[in-house]
>>> print(open('work.txt').read())   # compact mmCIF, C-alpha atoms
# COMPACT_ATOMS: atom_id res chain seq x y z
CA MET A 1 0.00 0.00 0.00
CA ASN A 2 1.48 3.35 -0.96
CA LYS A 3 1.42 6.42 1.28
CA ASN A 4 -1.62 8.01 -0.39
CA GLU A 5 -3.67 4.85 0.08
CA LEU A 6 -2.51 4.57 3.69
CA VAL A 7 -3.47 8.19 4.42
CA HIS A 8 -6.89 7.54 2.86
CA LEU A 9 -7.39 4.47 5.08
CA HIS A 10 -6.21 6.52 8.06
CA ALA A 11 -8.86 9.16 7.26
CA LEU A 12 -11.59 6.52 6.96
CA LEU A 13 -10.68 5.01 10.33
CA VAL A 14 -10.75 8.46 11.92
CA ARG A 15 -14.28 8.87 10.59
CA VAL A 16 -15.27 5.51 12.09
CA ALA A 17 -13.77 6.61 15.42
CA GLU A 18 -15.84 9.82 15.27
CA GLU A 19 -18.97 7.75 14.65
CA TYR A 20 -18.16 5.51 17.64
CA VAL A 21 -17.96 8.60 19.85
CA GLU A 22 -21.21 10.02 18.41
CA TRP A 23 -22.99 6.70 19.00
CA ASP A 24 -21.60 6.42 22.55
CA VAL A 25 -19.81 3.20 21.66
CA ALA A 26 -16.58 4.89 22.76
CA ALA A 27 -15.40 7.95 24.64
CA ARG A 28 -12.78 10.34 23.30
CA GLY A 29 -10.41 9.07 26.00
CA ASP A 30 -10.51 5.60 24.46
CA PHE A 31 -8.38 7.00 21.64
CA SER A 32 -5.68 8.57 23.84
CA ALA A 33 -2.95 6.21 22.56
CA TYR A 34 -3.76 7.28 19.00
CA HIS A 35 -3.86 11.00 19.86
CA ALA A 36 -0.55 10.72 21.73
CA LEU A 37 1.15 9.83 18.44
CA GLY A 38 0.34 13.25 17.00
CA THR A 39 -0.18 11.96 13.46
CA THR A 40 -3.52 12.71 11.81
CA PRO A 41 -4.62 12.14 8.21
CA MET A 42 -3.91 15.83 7.63
CA SER A 43 -0.27 15.41 8.69
CA LEU A 44 0.80 14.97 5.08
CA ARG A 45 4.45 15.76 5.73
CA ARG A 46 4.74 12.94 8.26
CA SER A 47 6.39 9.77 7.04
CA ARG A 48 4.61 6.73 5.72
CA ALA A 49 5.83 4.85 8.80
CA ASP A 50 4.19 7.45 11.08
CA HIS A 51 0.88 7.05 9.26
CA GLU A 52 1.20 3.28 9.36
CA THR A 53 1.77 3.33 13.13
CA ALA A 54 -1.15 5.70 13.70
CA THR A 55 -3.43 3.64 11.46
CA LEU A 56 -2.52 0.39 13.24
CA VAL A 57 -3.05 1.90 16.70
CA LEU A 58 -6.40 3.32 15.62
CA ALA A 59 -7.48 0.07 13.98
CA ARG A 60 -6.55 -1.96 17.08
CA THR A 61 -8.46 0.47 19.30
CA LEU A 62 -11.54 0.29 17.08
CA ALA A 63 -11.33 -3.51 16.95
CA GLY A 64 -11.14 -3.69 20.73
CA LEU A 65 -14.16 -1.43 21.07
CA SER A 66 -16.04 -3.48 18.49
CA ASP A 67 -15.45 -6.62 20.55
CA ALA A 68 -16.87 -5.00 23.68
CA PRO A 69 -20.25 -6.43 24.66
CA ARG A 70 -23.18 -4.12 24.01
CA THR A 71 -26.70 -4.34 25.27
CA GLU A 72 -29.68 -4.53 22.97
CA GLN A 73 -30.66 -1.00 24.05
CA THR A 74 -27.24 0.35 23.05
CA LEU A 75 -27.58 -1.21 19.60
CA GLU A 76 -31.07 0.24 19.16
CA ASP A 77 -29.86 3.69 20.20
CA ALA A 78 -26.94 3.54 17.75
CA THR A 79 -29.09 2.51 14.80
CA ALA A 80 -31.79 5.06 15.58
CA ARG A 81 -29.44 7.98 14.96
>>> encode(input="work.txt", output="structure tokens")
Amino acid sequence: MNKNELVHLHALLVRVAEEYVEWDVAARGDFSAYHALGTTPMSLRRSRADHETATLVLARTLAGLSDAPRTEQTLEDATAR
């Protein structure tokens, strides 16, 4: 995957993270490890390796949150929005 494709994936995962926060699946603090890296999709001058690290940390965080058990009410609330 080249840098442009990786940055695009990074941006998509950031959007998913924003949706998780909006749907109360996650809190902003759940992404502290990602934010500590300081690399966002808009950090175009950062290296490919920096984007790869940020993307992997974000993907692992999202995967962990996706595995968390949710109640039926939580699922109904998320889909109602």
>>> atom_distance(input="work.txt", atom1="atom CA of A:Asp67", atom2="atom CA of A:Gly38")
25.6 Å
>>> residues_around(input="work.txt", residues="A:Thr39", least_positions_apart="6", cutoff="7 Å", atoms="all atoms listed in the file", output="list in words")
Asp50, His51 and Ala54 of chain A
>>> write_last_selection(input="work.txt", atoms="C-alpha atoms", output="mmCIF file, keeping the file's coordinate frame")
data_model
loop_
_atom_site.group_PDB
_atom_site.id
_atom_site.type_symbol
_atom_site.label_atom_id
_atom_site.label_comp_id
_atom_site.auth_asym_id
_atom_site.auth_seq_id
_atom_site.Cartn_x
_atom_site.Cartn_y
_atom_site.Cartn_z
ATOM 1 C CA ASP A 50 4.190 7.450 11.080
ATOM 2 C CA HIS A 51 0.880 7.050 9.260
ATOM 3 C CA ALA A 54 -1.150 5.700 13.700
#
>>> closest_residue(input="work.txt", among="A:Ala17, A:Gly64, A:Leu58, A:Leu6", to="A:Ala33", atoms="all atoms listed in the file")
A:Leu58
>>> axis_aligned_box(input="work.txt", around="stretch 54-68 of chain A", padding_each_side="4 Å", output="lines of an AutoDock Vina configuration file")
center_x = -9.0
center_y = -0.5
center_z = 17.6
size_x = 23.7
size_y = 20.3
size_z = 20.2
>>> residues_near_point(input="work.txt", point="(2.1, 3.9, 0.0)", cutoff="12 Å", atoms="all atoms listed in the file", output="MDAnalysis selection string")
chainID A and resid 1:10 47:52
>>> write_last_selection(input="work.txt", atoms="C-alpha atoms", output="PDB file, in the coordinates of the input")
ATOM      1  CA  MET A   1       0.000   0.000   0.000  1.00  0.00           C
ATOM      2  CA  ASN A   2       1.480   3.350  -0.960  1.00  0.00           C
ATOM      3  CA  LYS A   3       1.420   6.420   1.280  1.00  0.00           C
ATOM      4  CA  ASN A   4      -1.620   8.010  -0.390  1.00  0.00           C
ATOM      5  CA  GLU A   5      -3.670   4.850   0.080  1.00  0.00           C
ATOM      6  CA  LEU A   6      -2.510   4.570   3.690  1.00  0.00           C
ATOM      7  CA  VAL A   7      -3.470   8.190   4.420  1.00  0.00           C
ATOM      8  CA  HIS A   8      -6.890   7.540   2.860  1.00  0.00           C
ATOM      9  CA  LEU A   9      -7.390   4.470   5.080  1.00  0.00           C
ATOM     10  CA  HIS A  10      -6.210   6.520   8.060  1.00  0.00           C
ATOM     11  CA  SER A  47       6.390   9.770   7.040  1.00  0.00           C
ATOM     12  CA  ARG A  48       4.610   6.730   5.720  1.00  0.00           C
ATOM     13  CA  ALA A  49       5.830   4.850   8.800  1.00  0.00           C
ATOM     14  CA  ASP A  50       4.190   7.450  11.080  1.00  0.00           C
ATOM     15  CA  HIS A  51       0.880   7.050   9.260  1.00  0.00           C
ATOM     16  CA  GLU A  52       1.200   3.280   9.360  1.00  0.00           C
TER      17      GLU A  52
END
>>> atom_distance(input="work.txt", atom1="atom CA of A:Leu44", atom2="atom CA of A:Leu12")
15.1 Å
>>> residues_around(input="work.txt", residues="A:Asp30", least_positions_apart="3", cutoff="12 Å", atoms="all atoms listed in the file", output="NGL selection string")
:A and (17-18 or 20-21 or 24-27 or 33-36 or 57-58 or 60-65)
>>> atom_distance(input="work.txt", atom1="atom CA of A:Thr40", atom2="atom CA of A:Trp23")
21.6 Å
